[in-house]
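Novice: Sending over a structure as structure tokens; questions will come in a sec.
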Amino acid sequence: MDSLTIIAAVSIILAGLTTGIGGIGPALAEGRAVASALTALATQPDASATITRTLFVGLAMIESTAIYCFVISMILVFANPFWNHAIAQAAGK
Amino acid sequence: MRLSPDQLIFWQHGFIKLDATIVFTWVVMAVLTLAAWLVTRRLRTDAHRSRWQNLLEIVVTGIVQQIDEVGLRRPRRFLAFLGSLFLFIGASALFTIVPGFEPPTGSLSTTVALALCVFIGIPFAGIREQGLRGYLKSYVEPTVLMLPFNLIGELSRTLALAVRLFGNMMSGAMILAILLTITPFFFPIVMTALGLLTGMVQAYIFTILSAVFMAAATQRADAAADPNAPTTSINKE
């Protein structure tokens, strides 16, 4: 395998792994957060506005971990700096 | 495939580029300004208000109430900044139902600019509320040892604000483009509807997080001890 093939293969595989593994933690965390919020809503329906707002803000915080992984995957697939560098090197030869 | 509307260039002269991000930012700003100007031209205080005036009043009082519930005292002082943020992000998310429109918030340059506004706005609000000394003192609490961590936190939450909004808006457009090649007819419409929802949620979250950061910067340590301190003054006005 030449270096271009290695770069392409590693980038594609890692892009999938990044989102795949990076999605596990936030998914579990969001499930726990929503479950706790629903329990709190069931016991205290009066505080629904506060609970919902805090839940949304918390979910956004948790979700950003998954979003970071997704952004890295997208960069690896569509705007890969190593791939561009290798292409530029190959074109310059 | 384009990762952001930055790469769609309409017009270029030398190093001056007119890309889709700038064009659609100005479109959103123009629509918001024009709509606000048209509605507020004939404001009435009696019962015969226009529908649009009612809409704007609901939006403004809703934003004030949300800011107030976060814990910022005197929410009207922050309405201009936080309300503009919410309206801009929300409008650019809602306009995606217009074909050909790409949300300017799907570009990292826009979201970094918005996050930098918040980054500068937080110390501004903090110094205005509790003075330069009082604000700088909040960096060395609880001890001086926490100073670097407070500074890192300040930077990382700005980065998080920018990347979160960018990732959400970009992923919506990206998933839509991928789905169009796989299942062209029905499923992209469902995802567009979901994208509208997440766009509004992201606008809400961006505004609320900025308000929370500002509230943390403006409140003194002794005032923050009372959880019932924020009052719902909006109902009394």
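How things are named: the first chain in the structure tokens is A, the next is B, and so on; residues count from 1 in each chain; ligands count from 1 in the order shown.
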Which polymer residues have any atom within 9 Å of an atom of segment 199-205 of chain B, counting only C-alpha atoms, with same-chain residues fewer than 3 positions away left out, as a list of chain:residue names?

Specialist: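 Result of the neighbour search: A:Phe56, A:Val57, A:Ala60, B:Leu85, B:Phe86, B:Leu87, B:Phe88, B:Ile89, B:Gly90, B:Ala91, B:Ser92, B:Ala93, B:Leu94, B:Arg164, B:Leu165, B:Asn168, B:Met169, B:Gly172, B:Leu194, B:Gly195, B:Leu196, B:Ile208, B:Leu209, B:Ser210.
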
Novice: Please write the residues from the selection above to a file, keeping N, CA, C and O atoms, as an mmCIF file, in the first residue's frame.

Specialist:
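So out_1.cif came out as:
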```cif
data_model
loop_
_atom_site.group_PDB
_atom_site.id
_atom_site.type_symbol
_atom_site.label_atom_id
_atom_site.label_comp_id
_atom_site.auth_asym_id
_atom_site.auth_seq_id
_atom_site.Cartn_x
_atom_site.Cartn_y
_atom_site.Cartn_z
ATOM 1 N N PHE A 56 -32.752 21.137 29.407
ATOM 2 C CA PHE A 56 -32.295 21.505 28.066
ATOM 3 C C PHE A 56 -30.842 21.966 28.091
ATOM 4 O O PHE A 56 -30.034 21.551 27.255
ATOM 5 N N VAL A 57 -30.528 22.814 29.050
ATOM 6 C CA VAL A 57 -29.151 23.309 29.136
ATOM 7 C C VAL A 57 -28.197 22.156 29.405
ATOM 8 O O VAL A 57 -27.142 22.024 28.767
ATOM 9 N N ALA A 60 -27.710 20.037 26.336
ATOM 10 C CA ALA A 60 -26.820 20.690 25.368
ATOM 11 C C ALA A 60 -25.371 20.501 25.768
ATOM 12 O O ALA A 60 -24.508 20.227 24.929
ATOM 13 N N LEU B 85 -29.062 37.839 19.828
ATOM 14 C CA LEU B 85 -28.453 36.526 19.598
ATOM 15 C C LEU B 85 -29.523 35.491 19.286
ATOM 16 O O LEU B 85 -29.442 34.761 18.295
ATOM 17 N N PHE B 86 -30.564 35.450 20.139
ATOM 18 C CA PHE B 86 -31.607 34.439 19.960
ATOM 19 C C PHE B 86 -32.317 34.623 18.628
ATOM 20 O O PHE B 86 -32.517 33.659 17.883
ATOM 21 N N LEU B 87 -32.680 35.862 18.315
ATOM 22 C CA LEU B 87 -33.440 36.092 17.081
ATOM 23 C C LEU B 87 -32.604 35.764 15.854
ATOM 24 O O LEU B 87 -33.107 35.182 14.888
ATOM 25 N N PHE B 88 -31.328 36.121 15.881
ATOM 26 C CA PHE B 88 -30.480 35.848 14.713
ATOM 27 C C PHE B 88 -30.309 34.349 14.509
ATOM 28 O O PHE B 88 -30.517 33.835 13.398
ATOM 29 N N ILE B 89 -29.964 33.619 15.579
ATOM 30 C CA ILE B 89 -29.734 32.177 15.423
ATOM 31 C C ILE B 89 -31.038 31.476 15.082
ATOM 32 O O ILE B 89 -31.087 30.603 14.211
ATOM 33 N N GLY B 90 -32.124 31.890 15.771
ATOM 34 C CA GLY B 90 -33.405 31.267 15.500
ATOM 35 C C GLY B 90 -33.890 31.531 14.084
ATOM 36 O O GLY B 90 -34.370 30.627 13.404
ATOM 37 N N ALA B 91 -33.736 32.780 13.627
ATOM 38 C CA ALA B 91 -34.194 33.113 12.274
ATOM 39 C C ALA B 91 -33.376 32.371 11.232
ATOM 40 O O ALA B 91 -33.934 31.843 10.260
ATOM 41 N N SER B 92 -32.047 32.301 11.443
ATOM 42 C CA SER B 92 -31.256 31.607 10.421
ATOM 43 C C SER B 92 -31.551 30.115 10.424
ATOM 44 O O SER B 92 -31.382 29.458 9.391
ATOM 45 N N ALA B 93 -32.026 29.576 11.566
ATOM 46 C CA ALA B 93 -32.436 28.166 11.556
ATOM 47 C C ALA B 93 -33.787 28.003 10.866
ATOM 48 O O ALA B 93 -34.005 27.055 10.122
ATOM 49 N N LEU B 94 -34.707 28.957 11.113
ATOM 50 C CA LEU B 94 -36.054 28.820 10.550
ATOM 51 C C LEU B 94 -36.067 29.051 9.042
ATOM 52 O O LEU B 94 -36.882 28.467 8.334
ATOM 53 N N ARG B 164 -20.452 23.887 19.390
ATOM 54 C CA ARG B 164 -21.754 23.234 19.563
ATOM 55 C C ARG B 164 -22.749 23.725 18.520
ATOM 56 O O ARG B 164 -23.397 22.924 17.839
ATOM 57 N N LEU B 165 -22.847 25.047 18.392
ATOM 58 C CA LEU B 165 -23.799 25.595 17.412
ATOM 59 C C LEU B 165 -23.411 25.186 15.999
ATOM 60 O O LEU B 165 -24.247 24.735 15.211
ATOM 61 N N ASN B 168 -24.128 21.422 15.349
ATOM 62 C CA ASN B 168 -25.545 21.103 15.200
ATOM 63 C C ASN B 168 -26.090 21.579 13.864
ATOM 64 O O ASN B 168 -26.792 20.826 13.180
ATOM 65 N N MET B 169 -25.791 22.833 13.488
ATOM 66 C CA MET B 169 -26.343 23.347 12.244
ATOM 67 C C MET B 169 -25.721 22.642 11.045
ATOM 68 O O MET B 169 -26.405 22.313 10.079
ATOM 69 N N GLY B 172 -27.094 19.111 10.550
ATOM 70 C CA GLY B 172 -28.418 19.082 9.930
ATOM 71 C C GLY B 172 -28.325 19.134 8.424
ATOM 72 O O GLY B 172 -28.903 18.295 7.713
ATOM 73 N N LEU B 194 -37.187 18.007 11.679
ATOM 74 C CA LEU B 194 -36.368 17.798 12.881
ATOM 75 C C LEU B 194 -35.279 18.860 12.986
ATOM 76 O O LEU B 194 -34.957 19.341 14.081
ATOM 77 N N GLY B 195 -34.721 19.249 11.809
ATOM 78 C CA GLY B 195 -33.693 20.286 11.807
ATOM 79 C C GLY B 195 -34.225 21.626 12.289
ATOM 80 O O GLY B 195 -33.526 22.363 12.991
ATOM 81 N N LEU B 196 -35.496 21.941 11.940
ATOM 82 C CA LEU B 196 -36.101 23.185 12.442
ATOM 83 C C LEU B 196 -36.172 23.152 13.959
ATOM 84 O O LEU B 196 -35.845 24.137 14.634
ATOM 85 N N ILE B 208 -29.512 30.934 26.457
ATOM 86 C CA ILE B 208 -29.615 30.641 27.886
ATOM 87 C C ILE B 208 -28.232 30.439 28.494
ATOM 88 O O ILE B 208 -27.936 30.922 29.597
ATOM 89 N N LEU B 209 -27.347 29.762 27.744
ATOM 90 C CA LEU B 209 -25.992 29.566 28.269
ATOM 91 C C LEU B 209 -25.274 30.901 28.420
ATOM 92 O O LEU B 209 -24.607 31.138 29.427
ATOM 93 N N SER B 210 -25.429 31.796 27.414
ATOM 94 C CA SER B 210 -24.818 33.117 27.554
ATOM 95 C C SER B 210 -25.380 33.830 28.771
ATOM 96 O O SER B 210 -24.637 34.464 29.534
#
```

Novice: How close does each residue of chain A get to chain B, giving the shortest atom pair and distance in Å to one decimal for every residue with an atom at most 10 Å away, counting only C-alpha atoms, sorted by chain and residue number, as a Markdown table?

Specialist:
```
| residue | atom | partner | partner_atom | distance |
| --- | --- | --- | --- | --- |
| A:Ala49 | CA | B:Glu69 | CA | 9.5 |
| A:Thr50 | CA | B:Glu69 | CA | 8.2 |
| A:Arg53 | CA | B:Ile208 | CA | 8.7 |
| A:Thr54 | CA | B:Val70 | CA | 9.5 |
| A:Phe56 | CA | B:Ile205 | CA | 7.1 |
| A:Val57 | CA | B:Ile205 | CA | 6.0 |
| A:Gly58 | CA | B:Ile205 | CA | 9.4 |
| A:Leu59 | CA | B:Ile205 | CA | 9.5 |
| A:Ala60 | CA | B:Ile205 | CA | 6.9 |
| A:Met61 | CA | B:Ala160 | CA | 8.6 |
| A:Glu63 | CA | B:Arg164 | CA | 8.3 |
| A:Ser64 | CA | B:Arg164 | CA | 5.5 |
| A:Thr65 | CA | B:Arg164 | CA | 8.7 |
| A:Ala66 | CA | B:Arg164 | CA | 9.4 |
| A:Ile67 | CA | B:Gly167 | CA | 5.7 |
| A:Tyr68 | CA | B:Val163 | CA | 7.2 |
| A:Cys69 | CA | B:Gly167 | CA | 9.5 |
| A:Phe70 | CA | B:Gly167 | CA | 7.4 |
| A:Val71 | CA | B:Gly167 | CA | 6.0 |
| A:Ile72 | CA | B:Gly167 | CA | 9.7 |
| A:Met74 | CA | B:Leu3 | CA | 7.9 |
| A:Ile75 | CA | B:Leu3 | CA | 8.2 |
| A:Val77 | CA | B:Leu3 | CA | 9.9 |
| A:Phe78 | CA | B:Leu3 | CA | 6.8 |
| A:Ala79 | CA | B:Leu3 | CA | 7.5 |
```

Novice: Please provide the set of residues having any atom within 7 Å of segment 109-116 of chain B, restricted to only C-alpha atoms, with same-chain residues fewer than 2 positions apart removed, written as a PyMOL selection string.

Specialist: chain B and resi 104-105+107+118-120+158+161-162+165-166

Novice: Ranking A:Glu30, A:Ala91, A:Phe82, A:Ser73 by minimum distance to Ala15 of chain A and counting only C-alpha atoms, which one comes first?

Specialist: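 Closest to Ala15 of chain A, using only C-alpha atoms: A:Ser73.
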
Novice: Which residues come within 8 Å of Ile63 of chain B, counting only C-alpha atoms, excluding same-chain residues fewer than 4 positions away, as a ChimeraX atom specification?

Specialist: /B:59,67,79,83

Novice: A:Ala86, A:Leu14, A:Leu41, A:Val34: which is nearest Ile62 of chain A, counting only C-alpha atoms?

Specialist: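 Smallest separation from Ile62 of chain A among the options: A:Val34.
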